[in-house]
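Reviewing the structure listed below.
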Amino acid sequence: MNSISLLVILSGYLAVLFYIAYWAEKKGNSKWTNNPYIYTFSLAVYCTAWTYYGSIGVAADSGLSYLPIYLGPIIIAPSWILILKKIIRISRVNKISSIADFISLRYGNSRFLGAIVTIICLTGIIPYIALQLKAIAETFHVVTKTEIRSFIFDDTTTYVAIALALFASYYGTRYVDASEKRKGIVTAVALESVLKLVFFVIIGVYVTFFVFDGFDDIYQKASLLEHFKEKNSIGGLPQAINWFLLCVLSMFAIFLLPRQFQVGVIENNRENHINTAVWLFPLYLLLFNIFVYPIAWGGNILFEGQEVNSDAYSLLIPQLFNNKTLTVLVFLGGFSAAISMIVVSSIGLSTMVTNNILIPYNLLGKLKSDESISSKSILNSRKIGIFSLIILSYFIYRFFGLDYNLVSIGMVAFVIISQLAPAFFGALFWRRGSRLGAIYSIIVGFIVCIHTLLVPYAIGITNSESTFISDGFMGYELLKPFQLFGLDYLQPVPHALFWSMLFNCVTYFAVSVSFKGNYRERNYAEMFVDINKYITNHENAFIWKGTAYRNDIEKVLIRFLGIERTKRAMNIFNVKYNVDINQELADARLIKFSENLLTGHIGTASARILISSVVKEEKITLPEVLKILEESKENIIINKKLTETSNELKEITAKLQNANISLMAKDKQKDEFLDTVTHELRTPITAIRAASEILHDDDEIPDELKKQFLQNIISESDRLNRLIDKILDLEKFETGKQTIHPAKNNLVETIEKSIEPLQQLIKNKNISIYIESKSKVNAYYDEDRIFQVITNLVSNAIKFCPENEGLITIQIVDKENFIQTSVIDNGKGINSNDFEAIFDKFYQSTNQNIKKPVGSGLGLAICKQIIEHHKGKIWVEPSIKGACIVFTLPKNKNTENS
Amino acid sequence: MKKILIVDDEPNIVMSLEYTFKKNNYEVFIARDGQEALDILKTNYPDVIILDVMMPMVDGYATLEQIRKDPNLQHTKVMFLSAKNKESDIEKGMSLGADVYMTKPFSIKKVVEQVEELLS
């Protein structure tokens with residue numbers, strides 16, 4: 001295949017990735033970009049070209065030792081549920097955007113520590129990026145069967161590197177706030193992870209089942225090769241220690257590599273995505289590793305005795321059989337693996353360089369003065385950072401050649417990054433870990449690394465004639481880089497890890513224990529270790545004393561966030577902590593809140609420097625901090641208890657209020673009842689008094705009128721008496737003093753009996769009245785009382801019926817358990833709003849437009865009481881014309897009816 | 001001849017008042033609720049109105065409110081005559097623009113005296 005067509009394919013592939021990133025960025029938070037699978041596959045950025053090509057090389061040349069690099073992450077993955085979640089929480093709450101921020105913030109927001117971490121990362125990762133570029137370049141030349149051109153601008157791979165650099169710098173810096181999620185990049189990386197796995201499995205299946213006859217065939221043929229046995233055994237105790245150390249190394253790497261921190265922590269959208277990653281990520285690694293071995297030994301068999309680079313077996317095998325499609329697929333898989341790593345790492349590194357070195361050390365312009373540094377210059381510096389990191393790496397590859405195989409340089413990077421481990425994990429779990437401890441431990445560990453790894457490798461690369469390796473530093477035997485202090489059974493990488501970690505850890509613990517950190521460190525230690533306690537109101541956990549004006553702080557914020565975002569943020573803060581807007585002075589919470597807002601843009605250290613430039617802080621002593629922390633812990637507990645108690649109180653208060661309301665309603669009802677009763681009693685008395693007065697004073701009154709007045713006195717007296725009777729009746733029912741004496745009776749008979757006295761009235765108004773029923777319907781009731789009910793209902797019906805056309809129907813229906821009686825008239829009917837209310841005492845409909853009815857206003861209320869004492873019900877049935885009142889009575893002694 | 005409108009839903013009470021005022025040379029109009037009273041007041045302008053409070057349809061308070069809105073009735077004297085005798089009821093009646101509030105049961109003599117006083 002020639003360079004041009006491969007370049008066309010590559011451009012096509014890159015265009016697709018660009019598009020995916022663009023699409024995902026646009027989609028924002030949709031379920032396509034924000035799901036646990038995207039998260040897990042983005043974690044697979046761990047598998048770089050090193051995995052893709054390098055593992056095969058190692059498996060071919062030295063057997064099983066490629067495995068520990070994957071075993072470590074697989075073993076440690078379950079712990080993510082605890083540790084990674086904690087890291088994510090701390091980072092989210094503090095708006096952390098890189099591992100340098102993470103470590104430096106924990107140790108008192110130390111600018112120097114952030115810079116050291118950044119330098120360590122740069123030292124480890126730039127050669128590692130160079131390695132990826134080397135892999136792309138070399139495999140490009142393998143696929144196209146061309147030679148690497150010595151003039152750099154003749155070489156097509158140069159342009160591939162430039163394209164990559166542009167892609168990364170464009171998509172990696174969409175937001176000034178580096179703690180924002182980069183959905184585009186992450187989705188593209190996840191997709192690449194899927195593709196590289198699929199392509200790798202395809203070549204694995206091809207080699208195993210098409211080139212050979214399955215695993216057995218390869219094993220049998222391979223076992224005949226030289227050194228097969230030695231290569232494929234773990235090799236005794238020393239080798240086991242090597243394995244153990246390599247596993248530990250890769251466990252550190254999965255947490256600490258800037259690209260892993262980037263995708264695993266910074267780009268994490270939801271904590272519970274980890275729950276999927278915990279099983280899916282190890283599964284991914286296992287799948288990847290199934291075919292490493294067959295490809296490696298398949299290659300060994302096919303190319304036995306030839307001088308070929310075993311790293312490239314996966315390309316050379318299909319090429320050997322002239323399978324172009326497969327060759328290109330494998331190349332694209334490797335390309336994917338490499339660019340994912342390059343892009344993600346360069347984004348992480350450039351953020352670190354900008355936020356932890358350039359800005360805090362005023363290299364981009366003075367931080368404290370107003371004009372010189374802005375969001376735009378930060379963005380630009382990150383863009384340039386990403387671009388130049390990739391280009392720089394490419395030059396390193398071109399000029400230093402990097403003659404080591406892929407794995408060894410990757411391993412060096414791992415060991416260097418591991419120097420952060422004690423400070424990093426100490427940050428999570430150990431409150432006493434101090435800034436000095438962290439700084440010295442990293443420096444000491446790094447020096448040991450330089451001695452045991454970097455210098456020997458540098459010697460290797462430059463091919464200089466040095467006796468450093470064979471004779472030791474300045475000729476001291478004990479200082480031989482690969483056998484430090486006589487430790488001679490470890491391989492160089494585990495050896496370096498062992499010594500550097502030993503010195504590193506000892507330094508960290510010793511210095512931390514000997515020199516106490518200042519109050520700020522202790523404050524952050526508390527916030528990191530006990531993150532779950534402070535997760536919601538973490539600003540409360542920040543201890544700060546001094547004077548600061550909100551105005552000054554807002555000015556600083558506006559510079560980086562703009563007016564609108566600052567206002568919005570301030571609003572959120574005011575609401576969250578219920579702060580008065582007009583308050584001039586800022587408190588500790590606002591300081592921490594503002595630092596957080598800035599952190600995403602300029603890193604923790606710069607945020608701190610910037611905020612402290614506008615506030616006047618007082619020093620607090622360590623015991624004071626501890627006391628405040630202790631108090632705030634107690635406060636949290638007390639607050640919790642108080643909240644619980646106050647909730648209970650609230651409930652009780654609500655109950656009391658309800659009780660009070662219903663009592664007041666009852667009181668009001670009682671008052672109203674009394675009012676109405678007195679009014680109703682006074683009315684007949686008034687009529688009586690007026691008539692009597694006239695009769696008494698007026699002698700000339702005509703006889704006829706005299707008689708009329710006397711008649712009025714008599715009827716009003718009767719009315720008064722009836723009213724008193726009914727009030728007493730009702731009172732008896734309501735207080736339960738009235739008892740009923742039910743017995744089995746024929747309801748039809750009772751109804752007929754009660755209509756009898758009303759016949760005169762019915763005749764006068766010329767009303768027709770019918771009873772629709774069987775001749776005998778037995779029910780269980782107190783006859784006197786039901787007599788009263790029927791009389792009342794029928795009297796009402798008569799009252800409301802029109803003259804001459806009046807029609808009253810009484811229906812009795814046997815309803816199995818009870819007897820239902822309806823009294824229906826063809827009068828003006830009852831307003832549906834009054835269906836319930838007419839059974840109230842003295843209720844008179846507001847819509848009533850008839851002349852004042854002759855009645856007490858208590859009749860229906862008494863009916864209701866009587867029926868309810870029979871355990872029956874009484875209600876108004878809606879009807880088209882006229883009124884229909886229905887009541888039920890039990891059939892037998894013990895039946896309740898409904 | 002002075003004109004009086006008696007508004008009450010109790011026929012027996014109305015009867016006594018009607019007899020007495022007629023005897024004292026008043027022209028008497030009768031209404032059995034607020035609505036009837038307002039209908040009468042559209043065409044008749046009595047010198048004094050005796051108003052009950054608790055009546056169906058339109059009660060005494062509402063009737064007075066309507067009366068006070070009518071420019072023709074601005075100077076008509078209004079007397080409440082009600083069994084509602086709580087202080088708050090009286091206050092309400094007076095604040096709506098009544099001239100006198102008398103409670104039931106009443107002395108007919110005193111009612112007549114009050115009306116005479118209102119008109120003097």
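In the structure tokens, chains take letters A, B, ... by order of appearance, with residues numbered from 1 within each chain and ligands from 1 in the order shown.
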Would you kindly report the residues of chain A within 6 Å of chain B, using only C-alpha atoms, as a PyMOL selection string? chain A and resi 679+686-687+691+846
Strand (DSSP E) call set, DSSP backbone run, chain B, as a list of chain:residue names: B:Lys2, B:Lys3, B:Ile4, B:Leu5, B:Ile6, B:Val7, B:Tyr26, B:Glu27, B:Val28, B:Phe29, B:Ile30, B:Ala31, B:Val48, B:Ile49, B:Ile50, B:Leu51, B:Lys77, B:Val78, B:Met79, B:Phe80, B:Leu81, B:Ser82, B:Val100, B:Tyr101, B:Met102, B:Thr103
Could you state the separation of atom CA of A:Met570 and atom CA of A:Ser606 in Å, given to one decimal place? 20.3 Å
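For A:Val493, the non-local neighbours within 8 Å, defined as residues at least 2 positions apart in the same chain or in other chains and counting only C-alpha atoms, are A:Leu246, A:Met411, A:Val412, A:Val415, A:Leu453, A:Leu490, A:Gln491, A:His495, A:Ala496, A:Leu497.
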B:Glu65 environment, 10 Å, only C-alpha atoms, sequence neighbours closer than 5 positions dropped, as a list in words: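 In the requested form, the answer reads Gly60, Asp70, Gly93, Leu96, Gly97 and Ala98 of chain B.
When atom CA of A:Ile386 is paired with atom CA of A:Gly124, their separation reads 15.9 Å.
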Could you give me, as a PyMOL selection string, each residue of stretch 32-119 of chain B that DSSP assigns to alpha helix (DSSP H) when run on this structure's backbone? chain B and resi 34-41+60-69+87-95+108-119
Mind checking which residues fall within 9 Å of B:Val100, counting only C-alpha atoms, ignoring those fewer than 3 positions away in the same chain, and posting them as a list in words?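 In the requested format, the answer is Lys77, Val78, Met79, Phe80, Leu81, Gly93, Met94, Gln114 and Leu118 of chain B.
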